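So this block is my_file.txt, compact mmCIF, C-alpha atoms:
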# COMPACT_ATOMS: atom_id res chain seq x y z
CA MET O 1391 -60.42 18.87 104.88
CA PRO O 1392 -61.87 15.66 103.35
CA GLN O 1393 -65.02 16.22 101.31
CA HIS O 1394 -66.62 12.78 101.18
CA LEU O 1395 -67.54 9.89 103.45
CA LEU O 1396 -67.59 6.49 101.72
CA ILE O 1397 -69.28 3.48 103.33
CA HIS O 1398 -68.66 0.09 101.72
CA LEU O 1399 -71.31 -2.55 102.42
CA SER O 1400 -71.24 -6.27 101.72
CA GLN O 1401 -71.72 -7.45 98.13
CA GLY O 1402 -70.14 -4.32 96.69
CA LEU O 1403 -72.61 -1.55 97.54
CA GLU O 1404 -70.88 1.79 98.14
CA LEU O 1405 -72.65 4.76 99.70
CA GLN O 1406 -71.16 8.22 99.17
CA PHE O 1407 -71.90 11.22 101.37
CA LYS O 1408 -70.92 14.87 101.02
CA ILE O 1409 -69.34 16.14 104.24
CA ARG O 1410 -70.89 19.42 105.31
CA THR O 1411 -68.75 22.55 105.43
CA THR O 1412 -69.60 23.39 109.03
CA PRO O 1413 -67.55 23.74 112.23
CA LEU O 1414 -69.38 20.68 113.61
CA ALA O 1415 -68.38 18.57 110.60
CA GLU O 1416 -64.78 19.71 111.06
CA LEU O 1417 -64.83 18.50 114.66
CA TRP O 1418 -66.18 15.13 113.52
CA VAL O 1419 -63.63 14.80 110.70
CA GLU O 1420 -60.83 15.34 113.22
CA ARG O 1421 -62.16 12.36 115.19
CA MET O 1422 -62.54 10.31 112.02
CA GLN O 1423 -58.90 10.97 111.16
CA ALA O 1424 -57.90 9.71 114.63
CA ARG O 1425 -59.82 6.41 114.41
CA GLY O 1426 -57.16 4.46 112.48
CA SER O 1427 -55.94 2.18 115.28
CA TYR O 1428 -59.45 1.20 116.41
CA PRO O 1429 -61.48 -1.58 114.75
CA LEU O 1430 -64.98 -1.02 113.42
CA ASP O 1431 -67.28 -2.28 116.16
CA HIS O 1432 -70.38 -4.41 115.43
CA PRO O 1433 -70.53 -3.78 111.66
CA ASP O 1434 -74.03 -5.29 111.53
CA ARG O 1435 -75.83 -2.56 113.49
CA PHE O 1436 -78.65 -2.12 110.99
CA TYR O 1437 -82.15 -1.43 112.29
CA GLY O 1438 -85.55 -1.47 110.62
CA PHE O 1439 -84.57 -3.01 107.29
CA GLY O 1440 -86.29 -6.38 107.80
CA SER O 1441 -89.89 -7.33 108.44
CA GLN O 1442 -91.32 -6.82 111.94
CA LEU O 1443 -91.08 -10.57 112.60
CA GLU O 1444 -87.48 -10.78 111.36
CA GLU O 1445 -86.44 -7.82 113.49
CA ARG O 1446 -88.22 -9.27 116.54
CA ILE O 1447 -86.56 -12.69 116.23
CA ARG O 1448 -83.12 -11.15 115.70
CA ALA O 1449 -83.50 -8.89 118.73
CA GLU O 1450 -84.83 -11.58 121.08
CA ILE O 1451 -82.06 -14.03 120.22
CA MET O 1452 -79.47 -11.36 120.97
CA ILE O 1453 -80.92 -10.22 124.29
CA GLN O 1454 -81.55 -13.76 125.57
CA GLN O 1455 -77.95 -14.73 124.77
CA CYS O 1456 -76.69 -11.71 126.71
CA ILE O 1457 -78.88 -12.50 129.73
CA THR O 1458 -77.82 -16.14 129.80
CA THR O 1459 -74.10 -15.36 129.61
CA ILE O 1460 -74.31 -12.65 132.27
CA ASN O 1461 -76.28 -14.80 134.72
CA GLN O 1462 -73.97 -17.76 134.26
CA HIS O 1463 -71.27 -15.68 135.95
CA ALA O 1464 -73.55 -14.18 138.62
CA PRO O 1465 -77.37 -14.03 138.57
CA ILE O 1466 -77.73 -10.25 138.61
CA ILE O 1467 -80.69 -10.21 136.19
CA GLU O 1468 -83.60 -11.34 138.35
CA ARG O 1469 -86.48 -10.76 135.92
CA ASP O 1470 -87.46 -12.82 132.93
CA PHE O 1471 -87.34 -10.86 129.70
CA ASP O 1472 -90.65 -9.78 128.22
CA TRP O 1473 -91.56 -7.49 125.36
CA SER O 1474 -92.39 -4.43 127.45
CA GLN O 1475 -90.64 -1.09 127.75
CA ASP O 1476 -90.43 -1.54 131.52
CA SER O 1477 -88.50 -4.79 131.03
CA LEU O 1478 -86.11 -3.02 128.68
CA ASN O 1479 -85.72 -0.12 131.12
CA TYR O 1480 -84.82 -2.64 133.85
CA LEU O 1481 -82.20 -4.32 131.65
CA HIS O 1482 -80.73 -0.97 130.61
CA ASN O 1483 -80.40 -0.10 134.29
CA ILE O 1484 -78.55 -3.40 134.85
CA PHE O 1485 -76.15 -2.43 132.07
CA GLU O 1486 -75.54 1.03 133.55
CA ARG O 1487 -74.98 -0.29 137.10
CA TYR O 1488 -72.68 -3.19 136.33
CA HIS O 1489 -70.90 -1.97 133.21
CA GLY O 1490 -70.08 1.45 134.61
CA LEU O 1491 -70.14 4.92 133.12
CA LEU O 1492 -68.21 6.13 130.10
CA ASP O 1493 -64.60 4.91 130.41
CA GLN O 1494 -65.20 4.16 134.12
CA GLN O 1495 -65.53 0.39 134.32
CA THR O 1496 -64.46 0.15 137.97
CA SER O 1497 -67.22 -1.86 139.66
CA GLU O 1498 -66.32 -5.06 141.53
CA TYR O 1499 -68.56 -7.03 139.20
CA TRP O 1500 -66.82 -5.70 136.09
CA ARG O 1501 -63.32 -6.20 137.50
CA THR O 1502 -63.92 -9.84 138.41
CA ALA O 1503 -66.05 -10.87 135.41
CA PRO O 1504 -64.49 -13.03 132.68
CA VAL O 1505 -64.08 -11.63 129.18
CA GLN O 1506 -67.21 -13.30 127.75
CA THR O 1507 -69.33 -11.88 130.58
CA ARG O 1508 -67.94 -8.38 130.06
CA GLN O 1509 -68.70 -8.66 126.37
CA ALA O 1510 -72.27 -9.84 127.05
CA LEU O 1511 -72.78 -7.00 129.52
CA ALA O 1512 -71.52 -4.45 126.99
CA GLU O 1513 -73.72 -5.96 124.27
CA LEU O 1514 -76.76 -5.94 126.56
CA ASN O 1515 -77.01 -2.22 125.84
CA LEU O 1516 -77.09 -2.87 122.09
CA ALA O 1517 -79.61 -5.68 122.56
CA VAL O 1518 -81.92 -3.42 124.57
CA HIS O 1519 -81.82 -0.77 121.85
CA ARG O 1520 -82.46 -3.37 119.16
CA CYS O 1521 -85.54 -4.55 121.08
CA GLU O 1522 -86.69 -0.96 121.51
CA THR O 1523 -86.54 -0.41 117.76
CA VAL O 1524 -88.88 -3.37 117.33
CA LEU O 1525 -91.37 -1.93 119.83
CA GLN O 1526 -91.17 1.49 118.21
CA GLY O 1527 -91.34 0.25 114.63
CA THR O 1528 -88.26 2.35 113.96
CA GLN O 1529 -87.53 3.51 110.45
CA PRO O 1530 -84.35 2.17 108.74
CA ARG O 1531 -81.00 3.39 110.00
CA PHE O 1532 -77.54 2.00 110.70
CA VAL O 1533 -74.73 2.83 113.10
CA CYS O 1534 -70.93 2.84 112.81
CA THR O 1535 -68.77 2.87 115.95
CA TRP O 1536 -65.10 2.16 116.67
CA PHE O 1537 -64.23 -0.23 119.48
CA GLY O 1538 -62.05 1.22 122.23
CA MET O 1539 -61.78 4.72 120.78
CA PRO O 1540 -61.65 7.12 123.78
CA LYS O 1541 -64.57 9.50 124.13
CA ILE O 1542 -62.58 12.59 125.06
CA LYS O 1543 -64.22 15.36 123.02
CA LYS O 1544 -67.37 17.10 124.19
CA LEU O 1545 -69.83 19.65 122.82
CA ASN O 1546 -70.74 22.46 125.21
CA PRO O 1547 -74.33 23.77 125.63
CA ILE O 1548 -73.70 26.63 123.20
CA GLN O 1549 -72.51 24.19 120.52
CA LEU O 1550 -75.45 21.88 121.23
CA ALA O 1551 -77.89 24.73 120.60
CA GLN O 1552 -75.97 26.04 117.58
CA TYR O 1553 -75.50 22.79 115.66
CA GLY O 1554 -78.47 20.67 116.78
CA GLU O 1555 -81.40 20.15 114.42
CA MET O 1556 -84.95 18.94 115.05
CA GLN O 1557 -85.59 17.52 111.58
CA ILE O 1558 -84.26 14.07 110.68
CA GLN O 1559 -83.49 13.95 106.95
CA PHE O 1560 -83.26 10.90 104.69
CA GLY O 1561 -79.62 10.00 104.04
CA THR O 1562 -78.07 12.36 106.57
CA VAL O 1563 -75.14 11.29 108.75
CA TYR O 1564 -75.42 12.33 112.41
CA LEU O 1565 -73.05 12.22 115.36
CA ASN O 1566 -73.86 9.14 117.41
CA TYR O 1567 -74.81 9.38 121.07
CA CYS O 1568 -71.90 7.75 122.89
CA GLU O 1569 -72.71 8.33 126.55
CA ILE O 1570 -73.69 5.45 128.85
CA GLY O 1571 -77.14 6.44 129.98
CA LYS O 1572 -80.16 8.20 128.52
CA THR O 1573 -81.06 11.69 127.35
CA VAL O 1574 -84.21 13.46 128.50
CA GLU O 1575 -85.75 12.40 125.19
CA ASP O 1576 -84.98 8.73 125.91
CA LEU O 1577 -86.18 8.88 129.51
CA ALA O 1578 -89.45 10.51 128.45
CA HIS O 1579 -90.08 8.14 125.57
CA ASP O 1580 -89.38 5.09 127.74
CA ASN O 1581 -91.27 6.53 130.74
CA ASP O 1582 -88.22 5.33 132.65
CA LYS O 1583 -88.99 4.73 136.33
CA TYR O 1584 -85.35 3.87 137.06
CA ILE O 1585 -84.30 7.49 136.62
CA GLY O 1586 -81.22 8.42 138.63
CA GLU O 1587 -77.85 10.10 138.33
CA GLU O 1588 -76.43 7.00 136.65
CA ALA O 1589 -79.30 6.94 134.16
CA PHE O 1590 -79.39 10.58 133.03
CA ARG O 1591 -76.65 11.51 130.56
CA PRO O 1592 -77.41 14.39 128.16
CA PHE O 1593 -75.70 14.42 124.78
CA GLY O 1594 -72.18 15.65 125.43
CA HIS O 1595 -69.27 13.49 124.34
CA TYR O 1596 -68.84 12.72 120.66
CA SER O 1597 -66.43 10.61 118.65
CA ALA O 1598 -65.96 9.32 115.13
CA ASP O 1599 -69.12 7.26 115.81
CA PHE O 1600 -72.09 8.13 113.62
CA HIS O 1601 -75.46 6.88 112.44
CA VAL O 1602 -77.18 7.18 109.08
CA SER O 1603 -80.92 7.80 108.97
CA LEU O 1604 -82.85 6.59 105.93
CA PHE O 1605 -86.14 8.28 106.74
CA ASN O 1606 -87.60 11.72 107.44
CA HIS O 1607 -89.04 12.75 110.79
CA ASN O 1608 -89.88 16.02 112.55
CA LEU O 1609 -88.76 15.75 116.17
CA ASN O 1610 -90.92 18.70 117.24
CA VAL O 1611 -93.76 16.23 117.78
CA LYS O 1612 -91.87 14.90 120.82
CA LEU O 1613 -91.74 18.22 122.67
CA PRO O 1614 -95.06 17.97 124.60
CA SER O 1615 -94.35 14.50 126.01
CA ILE O 1616 -90.79 15.48 126.97
CA GLN O 1617 -92.07 18.57 128.78
CA GLN O 1618 -94.63 16.44 130.58
CA TYR O 1619 -91.90 14.06 131.76
CA ILE O 1620 -89.78 16.99 132.98
CA ASP O 1621 -92.78 18.33 134.94
CA GLN O 1622 -93.47 14.90 136.45
CA HIS O 1623 -89.87 14.67 137.70
CA GLN O 1624 -89.50 18.32 138.55
CA ASP O 1625 -87.21 17.95 141.56
CA PHE O 1626 -84.77 15.72 139.68
CA PHE O 1627 -84.49 18.03 136.68
CA LEU O 1628 -84.35 21.20 138.77
CA ALA O 1629 -81.14 19.81 140.25
CA HIS O 1630 -79.81 19.78 136.67
CA ARG O 1631 -81.17 23.30 135.99
CA ILE O 1632 -83.72 21.97 133.53
CA THR O 1633 -87.28 23.31 133.66
CA SER O 1634 -88.12 23.43 129.97
CA VAL O 1635 -87.78 21.15 126.97
CA TYR O 1636 -86.32 24.14 125.13
CA ASN O 1637 -83.17 23.89 127.23
CA ALA O 1638 -80.50 22.68 124.80
CA ILE O 1639 -79.61 19.64 126.92
CA ALA O 1640 -83.28 18.62 127.08
CA GLN O 1641 -84.23 19.05 123.41
CA PRO O 1642 -84.39 16.03 121.07
CA LEU O 1643 -81.59 17.30 118.86
CA ARG O 1644 -79.60 15.57 116.12
CA PHE O 1645 -76.16 16.73 114.96
CA PRO O 1646 -75.63 16.44 111.17
CA VAL O 1647 -72.20 16.15 109.54
CA ALA O 1648 -72.77 14.73 106.02
CA ASP O 1649 -75.48 14.04 103.43
CA LEU O 1650 -76.08 11.15 101.04
CA GLU O 1651 -75.34 11.71 97.35
CA TYR O 1652 -78.00 9.58 95.66
CA THR O 1653 -80.44 10.37 92.87
CA GLY O 1654 -82.57 7.21 92.82
CA TYR O 1655 -85.77 6.36 94.66
CA PRO O 1656 -85.36 6.12 98.46
CA GLN O 1657 -87.28 2.85 98.75
CA GLU O 1658 -85.09 1.20 96.13
CA LEU O 1659 -81.97 2.08 98.12
CA ILE O 1660 -83.55 0.80 101.34
CA GLN O 1661 -84.36 -2.52 99.68
CA GLU O 1662 -80.81 -2.78 98.33
CA ILE O 1663 -79.28 -2.09 101.75
CA ALA O 1664 -81.64 -4.65 103.33
CA CYS O 1665 -79.76 -7.36 101.41
CA GLN O 1666 -76.34 -6.04 102.50
CA GLN O 1667 -76.61 -5.34 106.23
CA ARG O 1668 -72.92 -5.28 107.03
CA VAL O 1669 -70.33 -2.49 106.85
CA LEU O 1670 -67.00 -3.66 105.43
CA LYS O 1671 -65.08 -0.39 105.39
CA VAL O 1672 -65.49 3.32 106.08
CA ASP O 1673 -63.33 5.96 104.35
CA ILE O 1674 -63.13 9.74 104.20
CA GLN O 1675 -61.42 11.46 101.30

Please lay out the structure from this file as structure tokens.
Amino acid sequence: MPQHLLIHLSQGLELQFKIRTTPLAELWVERMQARGSYPLDHPDRFYGFGSQLEERIRAEIMIQQCITTINQHAPIIERDFDWSQDSLNYLHNIFERYHGLLDQQTSEYWRTAPVQTRQALAELNLAVHRCETVLQGTQPRFVCTWFGMPKIKKLNPIQLAQYGEMQIQFGTVYLNYCEIGKTVEDLAHDNDKYIGEEAFRPFGHYSADFHVSLFNHNLNVKLPSIQQYIDQHQDFFLAHRITSVYNAIAQPLRFPVADLEYTGYPQELIQEIACQQRVLKVDIQ
């Protein structure tokens, strides 16, 4: 089994991570070894490395471009964008309805839309999340995904409970959420009023996709607000056999597979990455 993950950024910066010796990491490595025929998707998915103003401008340009392109084909987005969570919830719902669920792009809109509209609709999801990071003041992280790689592997509830952690660690690599929808954690944080079967997707499928967190955070602080949201939407969650935040599919879990090998000061590395916000290549060896 490979022991290291290497991420090559622009201008020559190389980040090295030690792959964990866990069954979860083995599952992820198997997916990484199967990614060869799929291109790295959106290699500039870096969040929280610029100033608040820089991040805000970058996010608004992206989301307005998506809205314009989508509505030029058919005016399905009927609200003007504003910097509110409700506006972002609305746009995320548009993405879910017209893009379709994971590997199920079968709607009439999707089938008849030109390529540039499909791309804008797919990127609307990324634009929404970029805007959300601005509202949340999210700590620095970046994401690596592979375009077109099928999401065919899934963790079961026992594996979710066994491998999930509630503590985000600086420099740790985590499985990326690759469902189309939101977890209970996301719905609660966003106070999403558009909740529905198409919106709720617990963590399940995984792929080679991962994200790297460059901050520390204890997710236990989210438990009371998540429980409150479950109680407020009791009938909906009862249908999914969820009554408590301590249910594995309701907890705000992260799934670690590798750890950064770096001995310098964290802030120095963050500043260095801020000047090189593009992934050129990803290797395991």

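When only C-alpha atoms are used to compute distances to Ser1400 of chain O, the closest of the residues O:Asp1434, O:Val1563, O:Asp1649, O:Phe1532 turns out to be O:Asp1434.
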
Excluding same-chain residues fewer than 2 positions from Lys1541 of chain O, what lies within 9 Å of it counting only C-alpha atoms, as a PyMOL selection string? chain O and resi 1492-1493+1538-1539+1543-1544+1568-1569+1595-1597

Given only C-alpha atoms as the basis, pick out the residue of O:His1463, O:His1482, O:His1489, O:Arg1501 nearest to Asn1515 of chain O. O:His1482

At a cut-off of 10 Å around the point (-70.9, 12.6, 108.1) (file coordinates), what residues fall inside when counting only C-alpha atoms? I'd like the answer as a compact mmCIF listing (two decimals) with C-alpha atoms, in the frame of the given file.
# COMPACT_ATOMS: atom_id res chain seq x y z
CA GLN O 1393 -65.02 16.22 101.31
CA HIS O 1394 -66.62 12.78 101.18
CA LEU O 1395 -67.54 9.89 103.45
CA LEU O 1396 -67.59 6.49 101.72
CA GLN O 1406 -71.16 8.22 99.17
CA PHE O 1407 -71.90 11.22 101.37
CA LYS O 1408 -70.92 14.87 101.02
CA ILE O 1409 -69.34 16.14 104.24
CA ARG O 1410 -70.89 19.42 105.31
CA LEU O 1414 -69.38 20.68 113.61
CA ALA O 1415 -68.38 18.57 110.60
CA GLU O 1416 -64.78 19.71 111.06
CA TRP O 1418 -66.18 15.13 113.52
CA VAL O 1419 -63.63 14.80 110.70
CA MET O 1422 -62.54 10.31 112.02
CA GLY O 1561 -79.62 10.00 104.04
CA THR O 1562 -78.07 12.36 106.57
CA VAL O 1563 -75.14 11.29 108.75
CA TYR O 1564 -75.42 12.33 112.41
CA LEU O 1565 -73.05 12.22 115.36
CA ALA O 1598 -65.96 9.32 115.13
CA ASP O 1599 -69.12 7.26 115.81
CA PHE O 1600 -72.09 8.13 113.62
CA HIS O 1601 -75.46 6.88 112.44
CA VAL O 1602 -77.18 7.18 109.08
CA PHE O 1645 -76.16 16.73 114.96
CA PRO O 1646 -75.63 16.44 111.17
CA VAL O 1647 -72.20 16.15 109.54
CA ALA O 1648 -72.77 14.73 106.02
CA ASP O 1649 -75.48 14.04 103.43
CA LEU O 1650 -76.08 11.15 101.04
CA ILE O 1674 -63.13 9.74 104.20

Using all atoms listed in the file, which of the listed residues (O:Cys1456, O:Val1574, O:Ala1589, O:Met1391) sits closest to Ile1639 of chain O?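 Counting all atoms listed in the file, the residue closest to Ile1639 of chain O is O:Val1574.
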
Counting all atoms listed in the file, what is within 12 Å of Gln1622 of chain O, bar same-chain residues fewer than 2 positions away, as a list in words?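 The contact residues come out as Leu1577, Ala1578, Asn1581, Asp1582, Lys1583, Ile1585, Ser1615, Ile1616, Gln1617, Gln1618, Tyr1619, Ile1620, Gln1624, Asp1625, Phe1626, Phe1627, Leu1628, Thr1633 and Ser1634 of chain O.
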
Figure out the distance between atom CA of Glu1404 of chain O and atom CA of Gln1559 of chain O, please, to one decimal in Å.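 About the pair atom CA of Gln1559 of chain O and atom CA of Glu1404 of chain O: they are 19.6 Å apart.
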
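With distances restricted to only C-alpha atoms, O:Met1556 is the closest residue to Val1611 of chain O from O:Pro1392, O:Phe1537, O:Met1556, O:Gly1571.
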
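Nearest residue to Asn1546 of chain O among O:Trp1473, O:Tyr1655, O:Phe1593, O:Tyr1636 is O:Phe1593, counting only C-alpha atoms.
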
Quick one: pull the distance between atom CA of Phe1560 of chain O and atom CA of Asn1606 of chain O, Å, one decimal.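 Between atom CA of Phe1560 of chain O and atom CA of Asn1606 of chain O the gap works out to 5.2 Å.
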
Do a neighbour search on Ala1512 of chain O at 12 Å with only C-alpha atoms, toss out local chain neighbours closer than 3 positions, and write the hits as a PyMOL selection string. chain O and resi 1431-1432+1453+1456-1457+1459-1460+1481-1482+1484-1492+1495+1500+1503+1505-1509+1515-1518+1537+1570

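Between atom CA of Leu1550 of chain O and atom CA of Ser1603 of chain O lies a distance of 19.5 Å.
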
O:Leu1604, O:Val1524, O:Phe1436, O:Gln1475 ranked by distance to Tyr1652 of chain O, top pick (using all atoms listed in the file): O:Leu1604

Name the residues in contact with Phe1439 of chain O at a cut-off of 12 Å, using all atoms listed in the file, excluding same-chain residues fewer than 5 positions from it; report them as a PyMOL selection string. chain O and resi 1434+1444-1446+1448+1523-1524+1527-1532+1603-1605+1657-1668

Padding of 5 Å on every side, edges along x, y and z, all listed atoms of segment 1643-1652 of chain O included: what centre and edge lengths in Å, to one decimal, does that box have, as AutoDock Vina command-line options?
--center_x -76.9 --center_y 13.4 --center_z 107.3 --size_x 19.4 --size_y 17.7 --size_z 33.2
